[in-house]
file model-v2.txt (compact mmCIF, C-alpha atoms and all ligand atoms)
# COMPACT_ATOMS: atom_id res chain seq x y z
CA MET A 20 55.99 123.40 -49.76
CA ASN A 21 56.31 122.78 -46.04
CA LEU A 22 59.54 124.32 -44.75
CA ASP A 23 59.68 121.81 -41.89
CA GLN A 24 60.32 118.99 -44.32
CA ILE A 25 63.37 120.43 -46.04
CA ILE A 26 66.79 121.29 -44.71
CA ALA A 27 69.58 123.31 -46.27
CA CYS A 28 73.08 121.85 -46.08
CA PRO A 29 74.98 124.13 -43.68
CA VAL A 30 78.11 123.91 -45.82
CA CYS A 31 76.88 124.25 -49.42
CA ASP A 32 73.28 125.50 -49.10
CA ALA A 33 71.81 122.64 -51.20
CA LEU A 34 68.24 121.77 -50.25
CA HIS A 35 67.39 118.25 -49.14
CA HIS A 36 64.23 116.49 -48.06
CA ASP A 37 64.53 115.90 -44.34
CA GLN A 38 63.84 112.16 -44.49
CA ASP A 39 63.96 109.86 -41.53
CA VAL A 40 67.30 108.11 -41.55
CA LYS A 41 67.62 104.54 -40.31
CA LYS A 42 69.58 103.99 -37.11
CA HIS A 43 73.33 103.41 -37.61
CA SER A 44 73.28 104.71 -41.16
CA THR A 45 74.57 108.04 -42.36
CA ALA A 46 72.92 110.56 -44.66
CA LYS A 47 75.36 112.79 -46.49
CA CYS A 48 74.81 115.88 -48.58
CA ALA A 49 74.80 114.78 -52.22
CA ARG A 50 76.61 117.91 -53.30
CA CYS A 51 79.42 118.40 -50.78
CA GLY A 52 79.45 115.24 -48.67
CA THR A 53 78.74 116.86 -45.31
CA VAL A 54 77.05 114.48 -42.86
CA LEU A 55 73.43 115.59 -42.49
CA ALA A 56 72.18 112.84 -40.19
CA ALA A 57 73.83 109.96 -38.34
CA PRO A 58 71.40 108.61 -35.77
CA LYS A 59 72.79 105.96 -33.43
CA SER A 60 70.88 104.21 -30.70
CA GLY A 61 71.79 105.58 -27.31
CA ALA A 62 73.86 108.44 -28.76
CA MET A 63 72.16 111.04 -26.56
CA THR A 64 72.83 108.95 -23.44
CA ARG A 65 76.43 108.40 -24.43
CA ILE A 66 77.11 112.09 -25.09
CA ALA A 67 75.43 113.10 -21.82
CA MET A 68 77.44 110.53 -19.83
CA LEU A 69 80.71 111.51 -21.51
CA SER A 70 80.02 115.19 -20.84
CA LEU A 71 79.33 114.45 -17.17
CA THR A 72 82.58 112.45 -16.93
CA ALA A 73 84.49 115.30 -18.56
CA LEU A 74 82.98 117.84 -16.18
CA ILE A 75 83.96 115.78 -13.12
CA LEU A 76 87.50 115.31 -14.48
CA LEU A 77 87.75 119.03 -15.15
CA ILE A 78 86.73 119.92 -11.58
CA ALA A 79 89.21 117.37 -10.23
CA ALA A 80 91.93 118.78 -12.47
CA ALA A 81 91.30 122.31 -11.23
CA CYS A 82 91.30 121.34 -7.53
CA PHE A 83 94.05 118.76 -7.06
CA PRO A 84 97.78 119.52 -7.15
CA PHE A 85 99.07 119.45 -10.65
CA LEU A 86 102.85 119.39 -10.86
CA ALA A 87 105.65 119.72 -8.34
CA LEU A 88 109.19 120.78 -9.12
CA GLU A 89 112.33 120.02 -7.14
CA ALA A 90 115.86 121.28 -7.73
CA GLN A 91 118.87 121.99 -5.55
CA GLY A 92 116.86 121.68 -2.36
CA PHE A 93 114.17 124.09 -3.54
CA SER A 94 110.73 122.81 -4.32
CA HIS A 95 107.60 124.33 -5.76
CA ARG A 96 104.11 123.04 -6.30
CA ALA A 97 101.73 124.32 -8.90
CA SER A 98 98.02 123.75 -9.31
CA VAL A 99 96.06 124.54 -12.45
CA LEU A 100 94.92 127.70 -10.68
CA ASP A 101 98.58 128.77 -10.28
CA THR A 102 99.06 128.21 -14.00
CA VAL A 103 96.07 130.39 -14.73
CA MET A 104 97.44 133.07 -12.40
CA ALA A 105 100.90 132.88 -14.01
CA PHE A 106 100.34 136.06 -15.99
CA SER A 107 98.30 137.82 -13.33
CA SER A 108 100.90 140.37 -12.28
CA GLY A 109 101.71 143.33 -14.47
CA PRO A 110 100.61 144.07 -17.99
CA MET A 111 99.83 140.46 -18.81
CA ALA A 112 96.79 140.07 -16.56
CA PRO A 113 94.39 139.79 -19.53
CA LEU A 114 96.33 136.75 -20.73
CA SER A 115 95.85 135.18 -17.30
CA LEU A 116 92.12 135.69 -17.60
CA ALA A 117 92.15 134.25 -21.13
CA THR A 118 94.07 131.15 -20.00
CA GLY A 119 91.54 130.56 -17.22
CA PHE A 120 88.71 130.82 -19.70
CA LEU A 121 90.33 128.61 -22.33
CA ILE A 122 91.41 125.72 -20.12
CA VAL A 123 88.78 125.65 -17.32
CA LEU A 124 85.77 127.94 -17.64
CA LEU A 125 84.84 127.51 -21.31
CA PRO A 126 85.27 123.71 -21.33
CA ALA A 127 83.16 123.56 -18.14
CA ALA A 128 80.51 125.81 -19.69
CA ARG A 129 80.44 123.68 -22.82
CA TYR A 130 79.98 120.43 -20.90
CA CYS A 131 77.27 122.00 -18.70
CA ALA A 132 75.44 123.14 -21.84
CA LEU A 133 75.70 119.65 -23.38
CA ILE A 134 74.40 118.01 -20.20
CA TYR A 135 71.56 120.53 -19.94
CA THR A 136 70.48 119.85 -23.52
CA LEU A 137 71.01 116.11 -23.76
CA ALA A 138 70.49 114.62 -20.29
CA PRO A 139 66.68 115.12 -20.28
CA MET A 140 66.47 113.47 -23.71
CA ALA A 141 68.73 110.63 -22.61
CA ILE A 142 66.25 109.65 -19.90
CA GLY A 143 63.31 110.15 -22.24
CA TRP A 144 62.02 113.45 -20.93
CA ARG A 145 61.07 116.46 -22.99
CA PRO A 146 63.99 118.83 -23.66
CA ALA A 147 64.60 121.50 -21.02
CA PRO A 148 63.40 125.04 -21.73
CA GLN A 149 65.55 126.91 -24.27
CA ALA A 150 67.45 123.68 -25.01
CA ALA A 151 67.95 124.59 -28.69
CA ARG A 152 69.47 127.93 -27.75
CA VAL A 153 71.74 126.40 -25.11
CA TYR A 154 72.92 123.80 -27.64
CA THR A 155 73.83 126.61 -30.04
CA TRP A 156 76.11 127.97 -27.33
CA ALA A 157 77.66 124.55 -26.75
CA GLU A 158 78.54 124.46 -30.47
CA ARG A 159 79.89 128.00 -30.43
CA LEU A 160 82.10 127.31 -27.42
CA LYS A 161 83.60 124.18 -28.95
CA PRO A 162 86.65 125.73 -30.69
CA TRP A 163 87.45 127.86 -27.62
CA ALA A 164 87.39 125.02 -25.10
CA MET A 165 91.07 124.10 -25.10
CA ALA A 166 91.53 121.75 -22.15
CA GLU A 167 92.85 119.03 -24.45
CA ILE A 168 95.39 121.38 -26.02
CA PHE A 169 96.58 122.39 -22.56
CA ILE A 170 97.70 118.84 -21.72
CA ILE A 171 99.94 118.78 -24.82
CA GLY A 172 101.38 122.10 -23.60
CA VAL A 173 102.08 120.42 -20.27
CA ALA A 174 103.97 117.63 -22.02
CA VAL A 175 106.13 120.15 -23.88
CA ALA A 176 106.77 122.12 -20.68
CA LEU A 177 107.83 118.93 -18.88
CA VAL A 178 110.46 118.24 -21.52
CA LYS A 179 111.71 121.82 -21.26
CA VAL A 180 112.26 121.67 -17.50
CA SER A 181 113.48 118.07 -17.38
CA GLY A 182 117.11 119.18 -17.61
CA LEU A 183 116.65 121.81 -14.92
CA ALA A 184 114.81 119.96 -12.21
CA ARG A 185 112.91 116.86 -11.15
CA VAL A 186 109.18 117.01 -11.81
CA GLU A 187 106.50 115.07 -9.97
CA LEU A 188 103.13 114.56 -11.59
CA GLY A 189 100.10 115.18 -9.39
CA PRO A 190 96.60 113.68 -9.69
CA ALA A 191 95.41 116.73 -11.66
CA PHE A 192 97.87 115.84 -14.42
CA TRP A 193 96.23 112.43 -14.88
CA ALA A 194 92.77 114.01 -14.71
CA PHE A 195 93.74 116.25 -17.63
CA ALA A 196 95.19 113.32 -19.55
CA ALA A 197 91.91 111.41 -19.11
CA LEU A 198 90.03 114.55 -20.13
CA LEU A 199 91.92 114.53 -23.43
CA VAL A 200 90.55 111.04 -24.19
CA VAL A 201 86.99 111.84 -23.01
CA THR A 202 86.93 115.04 -25.10
CA ILE A 203 87.90 113.16 -28.23
CA LEU A 204 85.22 110.51 -27.53
CA THR A 205 82.55 113.18 -26.92
CA ASP A 206 83.38 115.13 -30.07
CA SER A 207 83.28 112.01 -32.21
CA ALA A 208 79.90 110.95 -30.76
CA ILE A 209 78.18 114.26 -31.56
CA CYS A 210 76.41 114.70 -34.89
CA ARG A 211 75.25 118.31 -34.85
CA LEU A 212 72.24 118.01 -37.14
CA THR A 213 71.04 114.76 -35.58
CA VAL A 214 71.03 116.37 -32.13
CA ARG A 215 69.12 119.31 -33.64
CA LYS A 216 66.55 117.07 -35.25
CA THR A 217 66.03 115.04 -32.09
CA LEU A 218 65.62 118.25 -30.10
CA LYS A 219 63.06 119.53 -32.58
CA ILE A 220 61.03 116.32 -32.61
CA ARG A 221 61.14 115.80 -28.85
CA SER A 222 60.08 119.36 -28.06
CA SER A 223 57.14 119.11 -30.47
CA GLY A 224 55.79 116.31 -28.29
CA GLN A 225 56.57 113.07 -30.08
CA SER A 226 58.35 110.57 -27.91
CA GLU A 227 60.25 108.37 -30.33
CA ILE A 228 62.30 109.07 -33.44
CA MET B 21 77.11 108.53 -53.24
CA GLU B 22 77.68 109.63 -56.83
CA PRO B 23 79.95 112.59 -57.36
CA PRO B 24 77.94 115.34 -59.01
CA GLU B 25 78.44 115.91 -62.73
CA ASN B 26 77.89 119.60 -62.31
CA SER B 27 76.44 121.74 -59.61
CA GLN B 28 73.47 122.94 -61.68
CA GLN B 29 71.40 119.96 -60.59
CA TYR B 30 71.27 121.12 -56.99
CA LEU B 31 68.73 123.68 -55.94
CA THR B 32 70.10 125.83 -53.15
CA ALA B 33 68.15 127.59 -50.42
CA ALA B 34 69.30 130.96 -51.75
CA GLU B 35 67.88 130.19 -55.22
CA ALA B 36 64.60 128.97 -53.77
CA GLY B 37 64.08 132.33 -52.08
CA LEU B 38 64.97 130.88 -48.69
CA VAL B 39 67.78 131.24 -46.24
CA GLY B 40 69.39 128.25 -44.53
CA CYS B 41 70.79 128.17 -41.01
CA ARG B 42 74.52 127.42 -40.76
CA ALA B 43 74.06 125.95 -37.29
CA CYS B 44 71.08 123.64 -37.68
CA GLY B 45 70.03 123.45 -41.35
CA THR B 46 66.56 124.90 -40.77
CA VAL B 47 65.24 126.88 -43.72
CA ALA B 48 63.26 130.09 -43.39
CA PRO B 49 61.88 132.61 -45.88
CA ARG B 50 64.51 135.05 -47.15
CA GLY B 51 64.75 138.13 -44.99
CA THR B 52 64.35 136.20 -41.74
CA ARG B 53 67.06 137.51 -39.44
CA VAL B 54 67.10 134.91 -36.68
CA CYS B 55 66.73 131.14 -37.04
CA PRO B 56 63.32 130.06 -35.69
CA CYS B 57 64.84 126.80 -34.44
CA CYS B 58 68.11 127.71 -32.75
CA GLN B 59 68.17 131.53 -32.66
CA SER B 60 71.41 131.79 -34.66
CA ARG B 61 71.81 134.79 -36.94
CA LEU B 62 70.77 134.00 -40.52
CA GLU B 63 72.79 135.63 -43.22
CA LEU B 64 74.38 134.76 -46.52
CA SER B 65 76.27 137.83 -47.62
CA GLU B 66 79.49 137.62 -49.57
CA THR B 67 80.62 141.14 -48.77
CA ALA B 68 79.93 140.97 -45.04
CA SER B 69 81.55 137.56 -44.64
CA LEU B 70 84.68 138.42 -46.63
CA GLN B 71 85.09 141.80 -44.93
CA ARG B 72 85.11 140.11 -41.54
CA VAL B 73 87.56 137.45 -42.77
CA TRP B 74 90.04 140.06 -44.05
CA ALA B 75 89.72 142.24 -40.94
CA TRP B 76 90.47 139.38 -38.53
CA LEU B 77 93.19 137.98 -40.80
CA ILE B 78 95.04 141.32 -40.95
CA ALA B 79 94.70 141.72 -37.18
CA GLY B 80 96.14 138.20 -36.76
CA LEU B 81 99.07 138.98 -39.08
CA ILE B 82 99.88 142.21 -37.25
CA ALA B 83 99.85 140.44 -33.88
CA TYR B 84 102.07 137.67 -35.24
CA ILE B 85 104.99 140.03 -35.99
CA PRO B 86 105.77 141.10 -32.38
CA ALA B 87 105.18 137.48 -31.32
CA ASN B 88 108.29 136.56 -33.30
CA ILE B 89 110.46 139.55 -32.43
CA TYR B 90 109.95 139.95 -28.69
CA PRO B 91 110.84 137.39 -25.99
CA MET B 92 108.35 134.70 -25.00
CA LEU B 93 110.18 133.75 -21.80
CA ARG B 94 112.56 135.38 -19.38
CA THR B 95 114.61 132.91 -17.34
CA VAL B 96 116.69 133.87 -14.31
CA THR B 97 119.11 131.13 -13.17
CA PHE B 98 121.38 131.95 -10.23
CA GLY B 99 121.10 135.63 -10.94
CA ARG B 100 121.78 135.34 -14.65
CA ALA B 101 118.90 136.44 -16.83
CA SER B 102 118.27 135.19 -20.35
CA GLU B 103 115.46 135.84 -22.76
CA ASN B 104 114.04 133.45 -25.29
CA THR B 105 112.10 134.25 -28.41
CA LEU B 106 109.74 131.79 -30.11
CA MET B 107 112.45 130.59 -32.49
CA GLY B 108 115.07 130.70 -29.70
CA GLY B 109 113.00 128.29 -27.61
CA ILE B 110 112.81 125.84 -30.50
CA LEU B 111 116.60 126.05 -31.12
CA GLU B 112 117.22 125.41 -27.43
CA LEU B 113 115.05 122.28 -27.54
CA LEU B 114 117.03 121.09 -30.58
CA HIS B 115 120.26 121.84 -28.72
CA HIS B 116 119.12 119.60 -25.84
CA GLY B 117 118.39 116.83 -28.30
CA SER B 118 114.59 116.87 -27.85
CA TYR B 119 113.94 116.64 -31.56
CA GLY B 120 110.36 115.37 -31.26
CA VAL B 121 109.22 118.17 -28.95
CA ALA B 122 111.13 120.77 -30.97
CA PHE B 123 109.25 119.55 -34.03
CA ILE B 124 105.86 119.81 -32.25
CA VAL B 125 106.55 123.38 -31.09
CA PHE B 126 107.97 124.38 -34.50
CA PHE B 127 104.91 122.94 -36.20
CA ALA B 128 102.39 124.52 -33.80
CA SER B 129 103.99 127.97 -33.55
CA ILE B 130 105.57 128.56 -36.96
CA VAL B 131 104.21 126.18 -39.61
CA ILE B 132 100.52 126.17 -38.61
CA PRO B 133 100.14 129.97 -38.19
CA ILE B 134 101.86 130.79 -41.48
CA ALA B 135 100.04 128.03 -43.38
CA LYS B 136 96.80 129.28 -41.87
CA PHE B 137 97.36 132.89 -42.99
CA LEU B 138 98.02 131.65 -46.53
CA ALA B 139 95.10 129.19 -46.55
CA ILE B 140 92.51 131.69 -45.30
CA ALA B 141 93.72 134.36 -47.73
CA PHE B 142 93.57 131.81 -50.57
CA LEU B 143 90.02 130.75 -49.63
CA ALA B 144 88.80 134.33 -49.37
CA LEU B 145 90.37 135.27 -52.72
CA SER B 146 89.04 132.15 -54.46
CA VAL B 147 85.43 133.24 -53.86
CA ARG B 148 85.88 136.22 -56.16
CA LYS B 149 88.34 134.83 -58.71
CA PRO B 150 88.10 131.61 -60.75
CA PRO B 151 89.75 129.12 -58.40
CA THR B 152 92.73 126.90 -59.17
CA LEU B 153 91.51 124.20 -56.76
CA ASP B 154 88.08 122.61 -57.08
CA THR B 155 85.41 123.27 -54.48
CA HIS B 156 85.76 119.89 -52.77
CA GLY B 157 89.48 120.48 -52.36
CA ARG B 158 88.90 123.93 -50.90
CA LEU B 159 86.25 122.59 -48.54
CA LEU B 160 88.79 120.08 -47.24
CA LEU B 161 91.33 122.90 -46.82
CA TYR B 162 88.75 124.92 -44.88
CA GLU B 163 87.96 122.00 -42.58
CA VAL B 164 91.66 121.38 -41.91
CA VAL B 165 92.19 125.09 -41.11
CA GLU B 166 89.24 125.10 -38.69
CA PHE B 167 90.38 121.90 -37.00
CA ILE B 168 94.08 122.59 -36.66
CA GLY B 169 94.16 126.35 -35.99
CA ARG B 170 93.42 126.17 -32.28
CA TRP B 171 96.37 123.84 -31.63
CA SER B 172 98.73 126.79 -32.12
CA MET B 173 97.77 127.84 -28.60
CA ILE B 174 100.16 125.15 -27.24
CA ASP B 175 103.09 127.55 -26.89
CA VAL B 176 101.07 130.06 -24.86
CA PHE B 177 100.13 127.28 -22.43
CA VAL B 178 103.77 126.16 -22.24
CA VAL B 179 104.74 129.69 -21.16
CA ALA B 180 101.96 129.74 -18.55
CA ILE B 181 102.94 126.35 -17.12
CA LEU B 182 106.65 127.17 -17.01
CA THR B 183 105.94 130.47 -15.27
CA ALA B 184 103.75 128.80 -12.66
CA LEU B 185 106.08 125.88 -12.12
CA VAL B 186 109.58 127.27 -12.23
CA GLN B 187 109.55 129.59 -9.22
CA LEU B 188 112.51 128.27 -7.22
CA ASP B 189 113.63 131.56 -5.65
CA PHE B 190 117.31 131.97 -6.39
CA ALA B 191 117.88 128.74 -8.33
CA ALA B 192 115.60 129.45 -11.25
CA ALA B 193 112.61 131.62 -12.06
CA ILE B 194 110.73 132.03 -15.30
CA SER B 195 108.47 134.92 -16.24
CA PRO B 196 106.44 135.47 -19.40
CA GLY B 197 107.45 137.85 -22.16
CA ILE B 198 105.25 140.21 -24.14
CA ALA B 199 105.37 137.89 -27.18
CA ALA B 200 103.15 135.41 -25.34
CA VAL B 201 100.32 137.97 -25.34
CA SER B 202 100.67 138.91 -29.00
CA PHE B 203 100.97 135.26 -30.00
CA ALA B 204 97.76 134.37 -28.13
CA LEU B 205 95.98 137.30 -29.80
CA SER B 206 97.25 136.24 -33.22
CA VAL B 207 95.88 132.71 -32.75
CA ALA B 208 92.51 134.03 -31.51
CA PHE B 209 92.21 136.51 -34.42
CA THR B 210 92.96 133.89 -37.07
CA MET B 211 90.44 131.52 -35.44
CA LEU B 212 87.85 134.30 -35.76
CA ALA B 213 88.91 134.84 -39.39
CA ALA B 214 88.33 131.14 -40.15
CA GLN B 215 84.96 131.19 -38.39
CA SER B 216 83.87 134.30 -40.32
CA PHE B 217 84.41 132.53 -43.61
CA ASP B 218 81.12 131.11 -44.88
CA PRO B 219 81.87 127.95 -46.89
CA ARG B 220 78.57 128.35 -48.77
CA LEU B 221 80.18 131.24 -50.69
CA MET B 222 82.53 128.79 -52.45
CA TRP B 223 79.62 126.69 -53.71
CA LEU B 224 77.71 129.79 -54.73
CA ALA B 225 80.71 130.94 -56.76
CA GLU B 226 81.11 127.51 -58.36
CA LYS B 227 77.58 127.64 -59.72
CA ARG B 228 78.04 131.22 -60.88
CA ASP B 229 81.26 130.35 -62.73
CA GLU B 230 79.70 127.35 -64.46
CA SER B 231 76.71 129.21 -65.81
ZN ZN C 301 76.26 120.18 -48.78
ZN ZN C 302 69.25 127.34 -36.80
call {"tool": "encode", "arguments": {"input": "model-v2.txt", "output": "structure tokens"}}
result
Amino acid sequence: MNLDQIIACPVCDALHHDQDVKKHSTAKCARCGTVLAAPKSGAMTRIAMLSLTALILLIAAACFPFLALEAQGFSHRASVLDTVMAFSSGPMAPLSLATGFLIVLLPAARYCALIYTLAPMAIGWRPAPQAARVYTWAERLKPWAMAEIFIIGVAVALVKVSGLARVELGPAFWAFAALLVVTILTDSAICRLTVRKTLKIRSSGQSEI
Amino acid sequence: MEPPENSQQYLTAAEAGLVGCRACGTVAPRGTRVCPCCQSRLELSETASLQRVWAWLIAGLIAYIPANIYPMLRTVTFGRASENTLMGGILELLHHGSYGVAFIVFFASIVIPIAKFLAIAFLALSVRKPPTLDTHGRLLLYEVVEFIGRWSMIDVFVVAILTALVQLDFAAAISPGIAAVSFALSVAFTMLAAQSFDPRLMWLAEKRDES
């Protein structure tokens, strides 16, 4: 038995023949229903483009002014960096670091990893060196990249201060809102095992799946 | 696709003397430590997985207690200081009439964490004992827990944003309370507990119980 031609379902361990699945159809595990393959034409290109968009939005969100507050003649501006530094004084510095990682650094790292793995395949090149390993990291980072949760936090915070002061939304706010949409689109375009299979086939030298 | 009559008809990697990769589905001979395709660690061990689940879950529970007792926020308005706990913040939102937002915060900070503790404990226990919910149901529960758990972080971000934003000298200033740290830790620990749980153990147990 050739081990290259069988795969084990990652959720229930059932063995399946790794057949070629037609484009735009889905192969599911017969035992537990997990999607094992869902090839779509242009999926690699779409994921790479979405990741690039998300990365640009994230950089914009981190650089531009975010929110400004005005009350009783006082005013205060905050950027995303200020938000990250909110806990930086005193015993809560580790939380500041964690916030920075969760809302900026880890999402950025994840999108970089996705672009590194998928962009060469999108333009028909061979995968970059160590692409499989880098993709593993992109998958591992996924639950910890919380940029889209942050924007919901912003919405809640806006309601909380609305009685206290007038809030102006900066361009970074809209960048984060767009990031929420792009993140959802990226996540729904990715089929883990299909990316894996494409990576495997492309790095072994064949050009088309 | 036909629902399976029983699970005996499926040959698993473990039974075939192989080990499957949880990240990419590649199979390798049993005893292989690292996946030849993606370099993930290969392992299917009930004891190791469940030990990690319980350790992270207990850590998450312990961190959740101070998160509810101590203040999340300290607000100073015109020299008057007030402190708000997690529940206090929700009551204040209700008081202002923001029912929708109060509901979101209540759901993210109280309902999801507690439901998650119960769900993970139930999943971990069900591997060893005959389960009351079938494997497909428990798989759905596991997927919901993995998907929804990270959204509890909302309240930590709210505290960070308020602290950064509301710095109006004398008029109003907000600073974070110690509960924000323990709440963030609790969310991170329970996320690790959910990730440590290997769903293949449920299907392994199902086959063992049937035979
Ligand atoms: Zn399966
Ligand atoms: Zn692997």
call {"tool": "residues_around", "arguments": {"input": "model-v2.txt", "residues": "B:Phe203", "least_positions_apart": "2", "cutoff": "8 Å", "atoms": "all atoms listed in the file", "output": "number ranges by chain"}}
result
B: 83-84, 86-87, 176, 199-201, 205-207
call {"tool": "write_last_selection", "arguments": {"input": "model-v2.txt", "atoms": "C-alpha atoms", "output": "tab-separated table (two decimals), in the frame of the given file"}}
result
chain	number	residue	atom	x	y	z
B	83	ALA	CA	99.85	140.44	-33.88
B	84	TYR	CA	102.07	137.67	-35.24
B	86	PRO	CA	105.77	141.10	-32.38
B	87	ALA	CA	105.18	137.48	-31.32
B	176	VAL	CA	101.07	130.06	-24.86
B	199	ALA	CA	105.37	137.89	-27.18
B	200	ALA	CA	103.15	135.41	-25.34
B	201	VAL	CA	100.32	137.97	-25.34
B	205	LEU	CA	95.98	137.30	-29.80
B	206	SER	CA	97.25	136.24	-33.22
B	207	VAL	CA	95.88	132.71	-32.75
call {"tool": "interface_residues", "arguments": {"input": "model-v2.txt", "of": "chain B", "to": "chain A", "cutoff": "8 Å", "atoms": "all atoms listed in the file", "output": "VMD selection string"}}
result
chain B and resid 21 to 24 27 30 to 34 40 to 48 57 to 60 113 118 121 125 156 170 to 171 173 to 175 177 to 189 191 196 198 201 204 218 to 224
call {"tool": "closest_residue", "arguments": {"input": "model-v2.txt", "among": "A:Val54, A:Val40, A:Leu71, A:Val123", "to": "ligand ZN 301 (chain C)", "atoms": "only C-alpha atoms and all ligand atoms"}}
result
A:Val54
call {"tool": "atom_distance", "arguments": {"input": "model-v2.txt", "atom1": "atom CA of B:Val164", "atom2": "atom CA of B:Leu114"}}
result
27.8 Å
call {"tool": "residues_around", "arguments": {"input": "model-v2.txt", "residues": "B:Ala75", "least_positions_apart": "4", "cutoff": "10 Å", "atoms": "all atoms listed in the file", "output": "number ranges by chain"}}
result
B: 70-71, 79-80, 209-210, 212-213, 216
call {"tool": "atom_distance", "arguments": {"input": "model-v2.txt", "atom1": "atom CA of B:Glu166", "atom2": "atom CA of B:Pro151"}}
result
20.1 Å
call {"tool": "atom_distance", "arguments": {"input": "model-v2.txt", "atom1": "atom CA of B:Phe126", "atom2": "atom CA of B:Ile78"}}
result
22.3 Å
call {"tool": "residues_around", "arguments": {"input": "model-v2.txt", "residues": "B:Leu161", "least_positions_apart": "3", "cutoff": "10 Å", "atoms": "only C-alpha atoms", "output": "ChimeraX atom specification"}}
result
/B:136,139-140,142-143,155-158,164-167
call {"tool": "residues_around", "arguments": {"input": "model-v2.txt", "residues": "B:Arg53", "least_positions_apart": "6", "cutoff": "9 Å", "atoms": "only C-alpha atoms", "output": "list in words"}}
result
Ser60, Arg61, Leu62 and Glu63 of chain B
call {"tool": "closest_residue", "arguments": {"input": "model-v2.txt", "among": "A:Thr72, A:Ser60, A:Ser207, A:Gln38", "to": "A:Phe195", "atoms": "only C-alpha atoms"}}
result
A:Thr72
call {"tool": "closest_residue", "arguments": {"input": "model-v2.txt", "among": "B:Glu35, B:Glu230, B:Glu66, B:Glu112", "to": "B:Ala144", "atoms": "all atoms listed in the file"}}
result
B:Glu66
call {"tool": "closest_residue", "arguments": {"input": "model-v2.txt", "among": "B:Pro150, B:Phe137, B:Gln215, B:Leu159", "to": "ligand ZN 301 (chain C)", "atoms": "all atoms listed in the file"}}
result
B:Leu159
call {"tool": "build_atoms", "arguments": {"input": "model-v2.txt", "residues": "stretch 107-120 of chain B", "atoms": "N, CA and C atoms", "output": "PDB file, in the frame of the given file"}}
result
ATOM      1  N   MET B 107     111.489 131.393 -31.740  1.00  0.00           N
ATOM      2  CA  MET B 107     112.450 130.590 -32.490  1.00  0.00           C
ATOM      3  C   MET B 107     113.589 130.144 -31.569  1.00  0.00           C
ATOM      4  N   GLY B 108     114.000 131.020 -30.638  1.00  0.00           N
ATOM      5  CA  GLY B 108     115.070 130.700 -29.700  1.00  0.00           C
ATOM      6  C   GLY B 108     114.722 129.483 -28.849  1.00  0.00           C
ATOM      7  N   GLY B 109     113.452 129.422 -28.418  1.00  0.00           N
ATOM      8  CA  GLY B 109     113.000 128.290 -27.610  1.00  0.00           C
ATOM      9  C   GLY B 109     113.088 126.984 -28.379  1.00  0.00           C
ATOM     10  N   ILE B 110     112.757 127.045 -29.663  1.00  0.00           N
ATOM     11  CA  ILE B 110     112.810 125.840 -30.500  1.00  0.00           C
ATOM     12  C   ILE B 110     114.266 125.402 -30.682  1.00  0.00           C
ATOM     13  N   LEU B 111     115.174 126.381 -30.932  1.00  0.00           N
ATOM     14  CA  LEU B 111     116.600 126.050 -31.120  1.00  0.00           C
ATOM     15  C   LEU B 111     117.173 125.435 -29.854  1.00  0.00           C
ATOM     16  N   GLU B 112     116.718 125.944 -28.695  1.00  0.00           N
ATOM     17  CA  GLU B 112     117.220 125.410 -27.430  1.00  0.00           C
ATOM     18  C   GLU B 112     116.798 123.945 -27.246  1.00  0.00           C
ATOM     19  N   LEU B 113     115.529 123.664 -27.614  1.00  0.00           N
ATOM     20  CA  LEU B 113     115.050 122.280 -27.540  1.00  0.00           C
ATOM     21  C   LEU B 113     115.888 121.371 -28.439  1.00  0.00           C
ATOM     22  N   LEU B 114     116.207 121.860 -29.646  1.00  0.00           N
ATOM     23  CA  LEU B 114     117.030 121.090 -30.580  1.00  0.00           C
ATOM     24  C   LEU B 114     118.416 120.860 -29.971  1.00  0.00           C
ATOM     25  N   HIS B 115     118.944 121.898 -29.335  1.00  0.00           N
ATOM     26  CA  HIS B 115     120.260 121.840 -28.720  1.00  0.00           C
ATOM     27  C   HIS B 115     120.319 120.762 -27.634  1.00  0.00           C
ATOM     28  N   HIS B 116     119.188 120.616 -26.891  1.00  0.00           N
ATOM     29  CA  HIS B 116     119.120 119.600 -25.840  1.00  0.00           C
ATOM     30  C   HIS B 116     118.856 118.213 -26.393  1.00  0.00           C
ATOM     31  N   GLY B 117     118.625 118.137 -27.682  1.00  0.00           N
ATOM     32  CA  GLY B 117     118.390 116.830 -28.300  1.00  0.00           C
ATOM     33  C   GLY B 117     116.951 116.374 -28.271  1.00  0.00           C
ATOM     34  N   SER B 118     116.016 117.264 -27.856  1.00  0.00           N
ATOM     35  CA  SER B 118     114.590 116.870 -27.850  1.00  0.00           C
ATOM     36  C   SER B 118     113.983 117.172 -29.217  1.00  0.00           C
ATOM     37  N   TYR B 119     114.345 116.340 -30.181  1.00  0.00           N
ATOM     38  CA  TYR B 119     113.940 116.640 -31.560  1.00  0.00           C
ATOM     39  C   TYR B 119     112.422 116.562 -31.741  1.00  0.00           C
ATOM     40  N   GLY B 120     111.806 115.555 -31.117  1.00  0.00           N
ATOM     41  CA  GLY B 120     110.360 115.370 -31.260  1.00  0.00           C
ATOM     42  C   GLY B 120     109.589 116.583 -30.770  1.00  0.00           C
TER      43      GLY B 120
END
